[in-house]
$ cat work18.txt   # compact mmCIF, C-alpha atoms
# COMPACT_ATOMS: atom_id res chain seq x y z
CA MET A 1 -39.62 -52.55 55.13
CA LEU A 2 -42.76 -53.48 53.23
CA GLY A 3 -42.06 -57.17 53.78
CA ILE A 4 -42.14 -56.77 57.56
CA LEU A 5 -45.40 -54.80 57.32
CA ARG A 6 -47.03 -57.51 55.20
CA PHE A 7 -45.86 -60.17 57.66
CA ILE A 8 -47.42 -58.27 60.60
CA LEU A 9 -50.67 -57.85 58.68
CA ALA A 10 -50.80 -61.60 57.98
CA LEU A 11 -50.29 -62.32 61.69
CA LEU A 12 -53.14 -59.94 62.55
CA VAL A 13 -55.41 -61.83 60.15
CA LEU A 14 -54.35 -65.08 61.84
CA LEU A 15 -55.08 -63.71 65.33
CA SER A 16 -58.45 -62.37 64.22
CA HIS A 17 -59.53 -65.89 63.26
CA ILE A 18 -58.66 -67.58 66.57
CA TRP A 19 -61.86 -68.72 68.24
CA GLY A 20 -62.74 -66.67 71.33
CA LEU A 21 -59.53 -64.66 71.50
CA GLY A 22 -61.59 -61.62 72.43
CA MET A 23 -59.82 -58.92 70.42
CA PRO A 24 -61.70 -55.62 70.95
CA LEU A 25 -61.29 -54.81 67.26
CA ASN A 26 -61.07 -57.27 64.39
CA LEU A 27 -57.78 -55.98 63.05
CA GLY A 28 -57.84 -58.72 60.45
CA VAL A 29 -60.40 -56.60 58.58
CA SER A 30 -58.11 -53.55 58.74
CA SER A 31 -55.23 -55.73 57.54
CA VAL A 32 -57.18 -56.92 54.50
CA ILE A 33 -57.82 -53.29 53.49
CA LEU A 34 -54.11 -52.57 53.81
CA PHE A 35 -53.34 -55.67 51.73
CA TYR A 36 -55.65 -54.37 48.99
CA PHE A 37 -53.88 -50.99 48.94
CA ILE A 38 -50.44 -52.66 48.89
CA SER A 39 -51.58 -54.95 46.06
CA GLY A 40 -52.71 -51.96 43.99
CA TYR A 41 -49.36 -50.29 44.57
CA LEU A 42 -47.26 -53.36 43.75
CA MET A 43 -49.29 -54.69 40.85
CA GLY A 44 -49.41 -51.32 39.12
CA ARG A 45 -45.62 -51.20 39.21
CA SER A 46 -45.33 -54.87 38.24
CA TYR A 47 -47.63 -54.56 35.23
CA GLY A 48 -45.69 -51.49 34.15
CA ARG A 49 -42.57 -53.61 33.97
CA PHE A 50 -44.36 -56.21 31.86
CA GLN A 51 -45.37 -53.42 29.50
CA GLN A 52 -41.70 -52.44 29.22
CA HIS A 53 -40.17 -55.90 28.85
CA SER A 54 -42.79 -58.27 27.45
CA VAL A 55 -44.13 -58.67 23.93
CA ARG A 56 -47.46 -59.84 25.38
CA PRO A 57 -47.70 -57.99 28.69
CA VAL A 58 -51.32 -58.87 29.52
CA ARG A 59 -50.91 -62.60 29.03
CA ASP A 60 -47.53 -62.72 30.73
CA PHE A 61 -48.77 -60.68 33.69
CA TYR A 62 -51.67 -63.10 34.23
CA VAL A 63 -49.43 -66.17 33.93
CA ASP A 64 -46.94 -64.61 36.34
CA ARG A 65 -49.66 -64.04 38.96
CA LEU A 66 -50.89 -67.61 38.56
CA LEU A 67 -47.38 -69.00 39.01
CA LYS A 68 -46.78 -66.80 42.04
CA LEU A 69 -49.96 -67.53 43.99
CA MET A 70 -51.75 -70.62 42.72
CA PRO A 71 -49.32 -73.49 43.50
CA GLN A 72 -49.42 -72.79 47.25
CA TYR A 73 -53.15 -72.14 47.20
CA VAL A 74 -53.95 -75.36 45.30
CA LEU A 75 -51.82 -77.35 47.72
CA ILE A 76 -53.63 -75.92 50.75
CA VAL A 77 -57.07 -76.52 49.20
CA ILE A 78 -56.25 -80.17 48.48
CA LEU A 79 -54.64 -80.77 51.89
CA THR A 80 -57.57 -79.19 53.69
CA ALA A 81 -60.16 -81.17 51.73
CA VAL A 82 -58.31 -84.46 52.25
CA LEU A 83 -57.79 -83.91 55.98
CA MET A 84 -61.40 -82.89 56.49
CA ARG A 85 -62.53 -86.10 54.77
CA LEU A 86 -60.13 -88.22 56.84
CA LEU A 87 -60.44 -86.56 60.25
CA GLY A 88 -63.94 -85.17 60.17
CA PRO A 89 -65.22 -81.67 60.89
CA ALA A 90 -63.50 -79.33 63.32
CA GLN A 91 -65.23 -77.33 66.02
CA TYR A 92 -62.84 -74.44 66.44
CA ALA A 93 -61.22 -74.02 63.00
CA LEU A 94 -63.07 -71.36 61.04
CA PHE A 95 -65.71 -73.00 58.77
CA LEU A 96 -63.88 -76.34 58.60
CA ASN A 97 -66.99 -78.20 59.70
CA GLN A 98 -68.65 -78.23 56.28
CA ALA A 99 -69.36 -81.08 53.90
CA ILE A 100 -66.83 -81.57 51.09
CA ASP A 101 -67.88 -82.81 47.65
CA PRO A 102 -66.10 -82.89 44.26
CA LEU A 103 -67.94 -79.86 42.85
CA LYS A 104 -67.01 -77.75 45.87
CA VAL A 105 -63.35 -78.76 45.49
CA VAL A 106 -63.34 -77.89 41.79
CA LEU A 107 -64.94 -74.49 42.39
CA ASN A 108 -62.45 -73.75 45.14
CA LEU A 109 -59.52 -74.73 42.94
CA ALA A 110 -60.81 -72.31 40.30
CA LEU A 111 -60.47 -69.58 42.98
CA LEU A 112 -62.50 -66.80 41.33
CA PRO A 113 -65.86 -68.32 42.39
CA VAL A 114 -64.93 -68.37 46.10
CA ASN A 115 -65.56 -64.64 46.42
CA TYR A 116 -69.23 -65.36 45.84
CA VAL A 117 -70.28 -66.73 49.22
CA PHE A 118 -72.14 -63.56 50.19
CA ASP A 119 -75.64 -62.46 49.28
CA PRO A 120 -76.92 -61.47 46.79
CA LEU A 121 -74.28 -63.13 44.59
CA ALA A 122 -73.69 -66.32 46.56
CA ILE A 123 -72.92 -69.54 44.67
CA LYS A 124 -74.75 -72.23 46.64
CA ALA A 125 -72.25 -74.99 45.84
CA ILE A 126 -69.50 -73.10 47.70
CA LEU A 127 -71.50 -72.26 50.82
CA PRO A 128 -71.03 -71.82 53.72
CA SER A 129 -67.44 -70.82 53.04
CA PRO A 130 -64.44 -71.49 50.82
CA ILE A 131 -62.44 -74.57 51.79
CA VAL A 132 -59.65 -72.11 52.58
CA PRO A 133 -61.86 -69.60 54.41
CA PRO A 134 -59.73 -66.43 53.86
CA ALA A 135 -59.54 -67.21 50.12
CA TRP A 136 -62.56 -65.01 49.37
CA SER A 137 -60.20 -62.00 49.65
CA LEU A 138 -57.56 -63.72 47.51
CA SER A 139 -60.29 -64.12 44.91
CA THR A 140 -61.03 -60.39 45.21
CA GLU A 141 -57.35 -59.73 44.46
CA PHE A 142 -57.53 -61.87 41.34
CA HIS A 143 -60.55 -59.91 40.20
CA PHE A 144 -58.35 -56.82 40.42
CA TYR A 145 -55.55 -58.54 38.49
CA LEU A 146 -57.96 -59.35 35.68
CA LEU A 147 -59.24 -55.78 35.59
CA LEU A 148 -55.86 -54.05 35.85
CA PRO A 149 -54.92 -54.00 32.13
CA LEU A 150 -58.38 -52.65 31.28
CA ILE A 151 -58.18 -50.02 34.03
CA LEU A 152 -54.90 -48.72 32.64
CA LEU A 153 -56.55 -48.28 29.22
CA LEU A 154 -59.11 -45.87 30.64
CA GLY A 155 -56.84 -42.84 30.79
CA ARG A 156 -56.94 -40.23 33.53
CA VAL A 157 -60.58 -39.25 33.21
CA GLY A 158 -61.67 -42.87 33.15
CA PHE A 159 -59.50 -43.68 36.16
CA LEU A 160 -60.96 -40.75 38.10
CA LEU A 161 -64.53 -41.77 37.27
CA LEU A 162 -63.87 -45.40 38.19
CA ILE A 163 -62.30 -44.68 41.58
CA ALA A 164 -65.09 -42.20 42.35
CA LEU A 165 -67.73 -44.81 41.45
CA ALA A 166 -66.03 -47.52 43.54
CA ALA A 167 -65.73 -45.13 46.50
CA PHE A 168 -69.41 -44.26 46.17
CA VAL A 169 -70.44 -47.94 46.19
CA GLN A 170 -68.13 -48.77 49.08
CA ILE A 171 -69.12 -45.85 51.30
CA ALA A 172 -72.83 -46.13 50.48
CA ALA A 173 -72.71 -49.76 51.62
CA LEU A 174 -71.37 -48.69 55.01
CA PHE A 175 -74.69 -47.00 55.75
CA HIS A 176 -76.50 -50.38 55.64
CA GLY A 177 -76.07 -53.07 58.25
CA ASP A 178 -78.23 -55.67 56.54
CA GLY A 179 -80.19 -56.31 53.35
CA TRP A 180 -78.73 -57.30 49.99
CA PHE A 181 -76.52 -54.18 49.90
CA ASN A 182 -74.59 -53.79 53.15
CA SER A 183 -71.32 -52.95 54.86
CA ASN A 184 -70.22 -56.57 54.83
CA ASN A 185 -70.67 -57.63 51.21
CA PHE A 186 -70.41 -54.51 49.01
CA GLY A 187 -68.51 -52.59 51.68
CA TYR A 188 -65.81 -55.16 52.44
CA ARG A 189 -66.01 -58.25 50.24
CA PHE A 190 -66.97 -57.66 46.61
CA ILE A 191 -64.68 -55.97 44.09
CA PHE A 192 -67.40 -53.43 43.23
CA GLY A 193 -66.71 -51.49 46.43
CA VAL A 194 -63.20 -52.47 47.55
CA LEU A 195 -61.80 -51.63 44.13
CA VAL A 196 -61.35 -48.14 45.59
CA PHE A 197 -58.53 -49.45 47.82
CA PHE A 198 -56.73 -51.17 44.95
CA LEU A 199 -57.05 -48.04 42.80
CA ALA A 200 -55.79 -45.81 45.61
CA GLY A 201 -52.73 -48.06 45.91
CA LEU A 202 -52.27 -47.93 42.14
CA ALA A 203 -52.43 -44.12 42.27
CA TYR A 204 -49.95 -44.11 45.16
CA GLY A 205 -47.46 -45.94 42.96
CA ARG A 206 -47.75 -43.04 40.48
CA ARG A 207 -47.73 -40.24 43.06
CA GLU A 208 -44.83 -38.45 41.36
CA ASP A 209 -47.51 -37.35 38.89
CA GLY A 210 -49.56 -34.53 40.39
CA PHE A 211 -52.84 -35.96 39.07
CA TYR A 212 -52.42 -39.25 40.92
CA ARG A 213 -50.94 -37.57 43.99
CA ARG A 214 -54.10 -35.49 44.34
CA ILE A 215 -56.22 -38.63 44.04
CA VAL A 216 -54.26 -40.24 46.90
CA GLN A 217 -54.64 -37.11 49.02
CA ALA A 218 -58.39 -37.01 48.35
CA TYR A 219 -58.67 -40.72 49.21
CA PHE A 220 -56.87 -40.22 52.52
CA LEU A 221 -58.92 -37.17 53.50
CA LEU A 222 -62.17 -38.88 52.53
CA TYR A 223 -61.61 -41.92 54.72
CA LEU A 224 -60.19 -39.88 57.57
CA LEU A 225 -63.36 -37.78 57.44
CA MET A 226 -65.46 -40.94 57.35
CA LEU A 227 -63.65 -42.38 60.38
CA LEU A 228 -63.61 -39.27 62.57
CA VAL A 229 -66.76 -37.37 61.55
CA ILE A 230 -69.28 -39.09 59.26
CA ALA A 231 -69.36 -42.57 60.81
CA PRO A 232 -69.83 -41.43 64.43
CA SER A 233 -72.32 -38.75 63.41
CA PHE A 234 -74.55 -41.19 61.53
CA GLY A 235 -74.10 -44.20 63.82
CA LEU A 236 -72.30 -46.28 61.19
CA PHE A 237 -70.09 -48.06 63.70
CA ARG A 238 -73.01 -50.30 64.63
CA ASN A 239 -72.82 -51.91 61.17
CA PRO A 240 -70.50 -54.89 60.59
CA TRP A 241 -66.80 -54.14 60.11
CA VAL A 242 -67.24 -50.37 59.61
CA THR A 243 -64.88 -49.41 62.45
CA GLU A 244 -62.13 -51.78 61.35
CA LEU A 245 -62.59 -51.01 57.66
CA LEU A 246 -62.37 -47.25 58.08
CA LEU A 247 -59.43 -47.63 60.45
CA GLY A 248 -57.59 -49.70 57.86
CA ALA A 249 -58.45 -47.28 55.06
CA ALA A 250 -57.23 -44.28 57.06
CA LEU A 251 -54.00 -46.03 58.05
CA THR A 252 -53.03 -47.19 54.56
CA LEU A 253 -51.22 -44.04 53.54
CA PRO A 254 -49.17 -43.38 56.72
CA LEU A 255 -48.24 -47.03 57.33
CA ILE A 256 -47.18 -47.76 53.77
CA THR A 257 -45.28 -44.49 53.48
CA ILE A 258 -43.39 -45.34 56.67
CA ALA A 259 -42.69 -48.88 55.45
CA LEU A 260 -41.38 -47.72 52.08
CA ASN A 261 -39.25 -44.96 53.58
CA SER A 262 -37.82 -47.22 56.30
CA LYS A 263 -35.52 -49.20 54.06
CA PRO A 264 -33.58 -51.91 55.90
CA SER A 265 -29.85 -51.26 56.17
CA GLY A 266 -27.40 -54.12 56.06
CA VAL A 267 -27.54 -57.50 54.36
CA ARG A 268 -29.23 -59.25 57.29
CA TRP A 269 -32.08 -56.74 57.56
CA VAL A 270 -32.66 -56.85 53.81
CA ALA A 271 -32.74 -60.66 53.95
CA LEU A 272 -35.12 -60.61 56.94
CA ASP A 273 -37.48 -58.15 55.25
CA ASP A 274 -37.45 -60.30 52.13
CA LEU A 275 -38.08 -63.55 54.04
CA LEU A 276 -40.92 -62.11 56.13
CA GLY A 277 -42.49 -60.67 53.00
CA ARG A 278 -42.34 -64.11 51.38
CA MET A 279 -43.97 -65.68 54.45
CA ALA A 280 -46.97 -63.33 54.57
CA TYR A 281 -48.99 -65.00 51.81
CA PRO A 282 -48.42 -68.59 52.99
CA ILE A 283 -49.42 -67.59 56.54
CA PHE A 284 -52.56 -66.02 55.13
CA ILE A 285 -53.70 -69.10 53.21
CA SER A 286 -52.51 -71.85 55.59
CA HIS A 287 -53.32 -70.66 59.10
CA VAL A 288 -56.89 -72.04 59.25
CA LEU A 289 -55.55 -75.45 58.18
CA VAL A 290 -53.04 -75.16 61.04
CA PHE A 291 -55.95 -74.44 63.41
CA PHE A 292 -57.59 -77.64 62.13
CA CYS A 293 -54.44 -79.71 62.66
CA CYS A 294 -53.88 -78.35 66.17
CA GLU A 295 -57.42 -79.36 67.11
CA LYS A 296 -57.62 -82.72 65.36
CA LEU A 297 -54.03 -83.99 65.66
CA LEU A 298 -52.67 -82.26 68.78
CA LYS A 299 -56.05 -82.20 70.56
CA LEU A 300 -55.63 -78.52 71.47
CA THR A 301 -58.58 -76.16 71.67
CA PRO A 302 -58.75 -72.41 72.33
CA THR A 303 -61.30 -72.87 75.11
CA GLU A 304 -59.33 -75.41 77.15
CA ASP A 305 -55.72 -74.72 76.24
CA GLY A 306 -55.77 -70.93 75.85
CA PRO A 307 -52.20 -69.55 75.58
CA LEU A 308 -50.77 -72.93 74.55
CA TYR A 309 -53.24 -73.11 71.67
CA VAL A 310 -52.40 -69.57 70.53
CA LEU A 311 -48.66 -70.26 70.66
CA SER A 312 -49.16 -73.56 68.84
CA VAL A 313 -51.18 -72.11 65.98
CA ILE A 314 -48.74 -69.21 65.56
CA GLY A 315 -45.73 -71.55 65.64
CA GLY A 316 -47.46 -74.03 63.35
CA SER A 317 -48.38 -71.29 60.88
CA LEU A 318 -44.81 -70.00 60.80
CA PHE A 319 -43.51 -73.52 60.20
CA ALA A 320 -46.08 -74.20 57.47
CA SER A 321 -45.24 -70.87 55.86
CA LEU A 322 -41.54 -71.66 55.75
CA LEU A 323 -42.30 -75.02 54.13
CA LEU A 324 -44.48 -73.35 51.51
CA VAL A 325 -41.77 -70.75 50.85
CA ARG A 326 -39.27 -73.55 50.21
CA LEU A 327 -41.68 -75.37 47.89
CA GLN A 328 -42.54 -72.17 46.03
CA ALA A 329 -38.81 -71.46 45.52
CA TRP A 330 -38.76 -74.19 42.84
CA VAL A 331 -41.59 -72.49 41.00
CA GLU A 332 -39.98 -69.07 41.45
CA GLN A 333 -36.90 -70.07 39.48
CA TYR A 334 -39.08 -70.93 36.50
CA ARG A 335 -41.33 -67.88 37.01
CA ILE A 336 -38.47 -65.38 36.93
CA ARG A 337 -36.72 -67.17 34.05
CA ARG A 338 -39.94 -67.27 32.03
CA ARG A 339 -40.72 -63.58 32.27
CA GLY A 340 -37.15 -62.56 31.56
CA PHE A 341 -36.58 -59.87 34.19
CA ALA A 342 -35.98 -59.82 37.94
CA SER A 343 -38.53 -58.75 40.52
CA MET A 344 -38.40 -55.26 42.00
CA ASN A 345 -38.40 -57.14 45.31
CA SER A 346 -37.76 -60.85 45.32
CA HIS A 347 -40.97 -61.69 47.24
CA LYS A 348 -43.26 -59.98 44.66
$ encode --input "work18.txt" --output "structure tokens"
Amino acid sequence: MLGILRFILALLVLLSHIWGLGMPLNLGVSSVILFYFISGYLMGRSYGRFQQHSVRPVRDFYVDRLLKLMPQYVLIVILTAVLMRLLGPAQYALFLNQAIDPLKVVLNLALLPVNYVFDPLAIKAILPSPIVPPAWSLSTEFHFYLLLPLILLLGRVGFLLLIALAAFVQIAALFHGDGWFNSNNFGYRFIFGVLVFFLAGLAYGRREDGFYRRIVQAYFLLYLLMLLVIAPSFGLFRNPWVTELLLGAALTLPLITIALNSKPSGVRWVALDDLLGRMAYPIFISHVLVFFCCEKLLKLTPTEDGPLYVLSVIGGSLFASLLLVRLQAWVEQYRIRRRGFASMNSHK
């Protein structure tokens, strides 16, 4: 039931971005870590199938990822930019009160640059945020996609050294609350640190092999130790996102194991799991635009309309997601036909 898990994680990201909701923990951060792990797991398996079936696996894998993710993303970037120009800045939609110019739109459409809105690697033309604010993490995913074929050329020793280096960078950043190297940028945002989560997911997909199974076990024990012993002992929870990040990292293994072992029985449950899995990505990229529309078109705000606003943005995000799923279905027919083999799961 991996599709249902991904859907729930997308909803948690949505809830974490609602102005003034007052969640005691930002579970959107934990959800992003889980998404990274799931991506490592799925993309490792996906690229393996390209290696089996494609004459040019690297090129075809990259094209496949672009066809899967970019059409919906490009549409949301353009819609958001146009509506912001027509309706003006929002007060309660995350970062949708910024000036829009052609260079910013072009850089956002390129996607990879939108990860660089954090010091010390910030690109000034994108500041203060991507036009689609959560897209910084989508950009991080694309960094991983680009690196994946190279990672798999490293062999076992290279893989071990790389995941150890990424874990070192990521955990070292958690000890710093500010400065150019801190728990927010190198701990949570940039590929240099969070690569550890992608690689752990990649190793999980190969856990039948004792080498990779031991890496997954070491990863789980490391982050459990960080959450329960190291972080409270050294006062790390005062730094941004450390609690949520370590919680997400420690929960990756049990939650994903449960999801994969809880296979839906019956045609309806399989179809529901598939549909919800398809909806997760569109919810992730469209929900801030829905916030904007609720404020500017429906005149709803989280401060004055409370529960009605929350229900409206959730309902609007589900509706927008279903529309994007239908639009993407046209691209999916070409995507599957082009690569010449069916998906392991139809929403991947």
$ closest_residue --input "work18.txt" --among "A:Trp19, A:Tyr223, A:Phe197, A:Phe186" --to "Ala93 in chain A" --atoms "all atoms listed in the file"
A:Trp19
$ closest_atom_pairs --input "work18.txt" --of "range 135-248 of chain A" --to "range 283-296 of chain A" --cutoff "12 Å" --atoms "only C-alpha atoms" --output "CSV"
residue,atom,partner,partner_atom,distance
A:Ala135,CA,A:Ile285,CA,6.9
A:Trp136,CA,A:Ile285,CA,10.5
A:Ser137,CA,A:Phe284,CA,10.2
A:Leu138,CA,A:Ile285,CA,8.7
A:Ser139,CA,A:Ile285,CA,11.7
$ closest_residue --input "work18.txt" --among "A:Ile258, A:Asn239, A:Tyr116, A:Arg268" --to "Gly179 in chain A" --atoms "all atoms listed in the file"
A:Asn239
$ closest_residue --input "work18.txt" --among "A:Gln217, A:Asn261, A:Asn26, A:Ser31" --to "Pro240 in chain A" --atoms "all atoms listed in the file"
A:Asn26
$ closest_residue --input "work18.txt" --among "A:Leu276, A:Ala200, A:Leu236, A:Leu107" --to "Ile123 in chain A" --atoms "only C-alpha atoms"
A:Leu107
$ residues_around --input "work18.txt" --residues "Ser16 in chain A" --least-positions-apart "6" --cutoff "10 Å" --atoms "all atoms listed in the file" --output "ChimeraX atom specification"
/A:10,22-23,25-29,31
$ atom_distance --input "work18.txt" --atom1 "CA of Gly155 in chain A" --atom2 "CA of Ile215 in chain A"
13.9 Å
$ residues_around --input "work18.txt" --residues "Tyr204 in chain A" --least-positions-apart "6" --cutoff "7 Å" --atoms "only C-alpha atoms" --output "list in words"
Tyr41, Tyr212, Arg213 and Val216 of chain A
$ closest_residue --input "work18.txt" --among "A:Leu15, A:Val157, A:Ile126, A:Ile4" --to "Val114 in chain A" --atoms "only C-alpha atoms"
A:Ile126
$ atom_distance --input "work18.txt" --atom1 "CA of Trp241 in chain A" --atom2 "CA of Phe118 in chain A"
14.7 Å
$ closest_residue --input "work18.txt" --among "A:Ala231, A:Leu161, A:Leu147, A:Leu121" --to "Leu174 in chain A" --atoms "only C-alpha atoms"
A:Ala231
$ residues_around --input "work18.txt" --residues "Tyr47 in chain A" --least-positions-apart "3" --cutoff "9 Å" --atoms "all atoms listed in the file" --output "JSON, numbers by chain"
{"A": [42, 43, 44, 50, 51, 52, 57, 58, 61, 148, 149]}
$ residues_near_point --input "work18.txt" --point "(-75.2, -51.8, 52.8)" --cutoff "12 Å" --atoms "all atoms listed in the file" --output "number ranges by chain"
A: 119-120, 168-190, 193, 236, 239-242
$ residues_around --input "work18.txt" --residues "Gln98 in chain A" --least-positions-apart "3" --cutoff "12 Å" --atoms "all atoms listed in the file" --output "VMD selection string"
chain A and resid 80 to 81 84 to 85 88 to 91 93 to 95 101 104 125 to 133
$ atom_distance --input "work18.txt" --atom1 "CA of Thr252 in chain A" --atom2 "CA of Leu34 in chain A"
5.5 Å
$ residues_around --input "work18.txt" --residues "range 327-344 of chain A" --least-positions-apart "4" --cutoff "8 Å" --atoms "all atoms listed in the file" --output "PyMOL selection string"
chain A and resi 46+53-54+60+64+67-68+71-72+323+348
$ decode --input "work18.txt" --residues "range 173-186 of chain A" --atoms "N, CA and C atoms" --output "mmCIF file, in the first residue's frame"
data_model
loop_
_atom_site.group_PDB
_atom_site.id
_atom_site.type_symbol
_atom_site.label_atom_id
_atom_site.label_comp_id
_atom_site.auth_asym_id
_atom_site.auth_seq_id
_atom_site.Cartn_x
_atom_site.Cartn_y
_atom_site.Cartn_z
ATOM 1 N N ALA A 173 25.680 18.717 9.998
ATOM 2 C CA ALA A 173 24.906 19.951 9.847
ATOM 3 C C ALA A 173 23.875 20.107 10.962
ATOM 4 N N LEU A 174 23.399 18.997 11.508
ATOM 5 C CA LEU A 174 22.386 19.078 12.559
ATOM 6 C C LEU A 174 22.914 19.716 13.835
ATOM 7 N N PHE A 175 24.222 19.767 13.993
ATOM 8 C CA PHE A 175 24.822 20.365 15.179
ATOM 9 C C PHE A 175 24.910 21.888 15.087
ATOM 10 N N HIS A 176 24.461 22.466 13.946
ATOM 11 C CA HIS A 176 24.590 23.907 13.732
ATOM 12 C C HIS A 176 23.218 24.491 13.406
ATOM 13 N N GLY A 177 22.806 25.455 14.212
ATOM 14 C CA GLY A 177 21.513 26.075 13.988
ATOM 15 C C GLY A 177 21.556 27.243 13.024
ATOM 16 N N ASP A 178 22.726 27.836 12.833
ATOM 17 C CA ASP A 178 22.855 28.954 11.912
ATOM 18 C C ASP A 178 24.249 28.925 11.288
ATOM 19 N N GLY A 179 24.585 29.992 10.551
ATOM 20 C CA GLY A 179 25.832 29.993 9.799
ATOM 21 C C GLY A 179 25.626 29.398 8.419
ATOM 22 N N TRP A 180 26.691 29.378 7.628
ATOM 23 C CA TRP A 180 26.545 28.899 6.247
ATOM 24 C C TRP A 180 26.326 27.394 6.166
ATOM 25 N N PHE A 181 26.683 26.665 7.220
ATOM 26 C CA PHE A 181 26.524 25.200 7.257
ATOM 27 C C PHE A 181 25.616 24.893 8.446
ATOM 28 N N ASN A 182 24.356 24.525 8.172
ATOM 29 C CA ASN A 182 23.419 24.371 9.277
ATOM 30 C C ASN A 182 22.392 23.279 9.016
ATOM 31 N N SER A 183 21.559 23.038 10.022
ATOM 32 C CA SER A 183 20.594 21.946 9.965
ATOM 33 C C SER A 183 19.518 22.169 8.911
ATOM 34 N N ASN A 184 19.330 23.400 8.489
ATOM 35 C CA ASN A 184 18.318 23.686 7.486
ATOM 36 C C ASN A 184 18.817 23.413 6.075
ATOM 37 N N ASN A 185 19.978 24.003 5.714
ATOM 38 C CA ASN A 185 20.404 23.875 4.319
ATOM 39 C C ASN A 185 21.111 22.547 4.030
ATOM 40 N N PHE A 186 22.238 22.280 4.672
ATOM 41 C CA PHE A 186 22.961 21.040 4.398
ATOM 42 C C PHE A 186 22.345 19.850 5.136
#
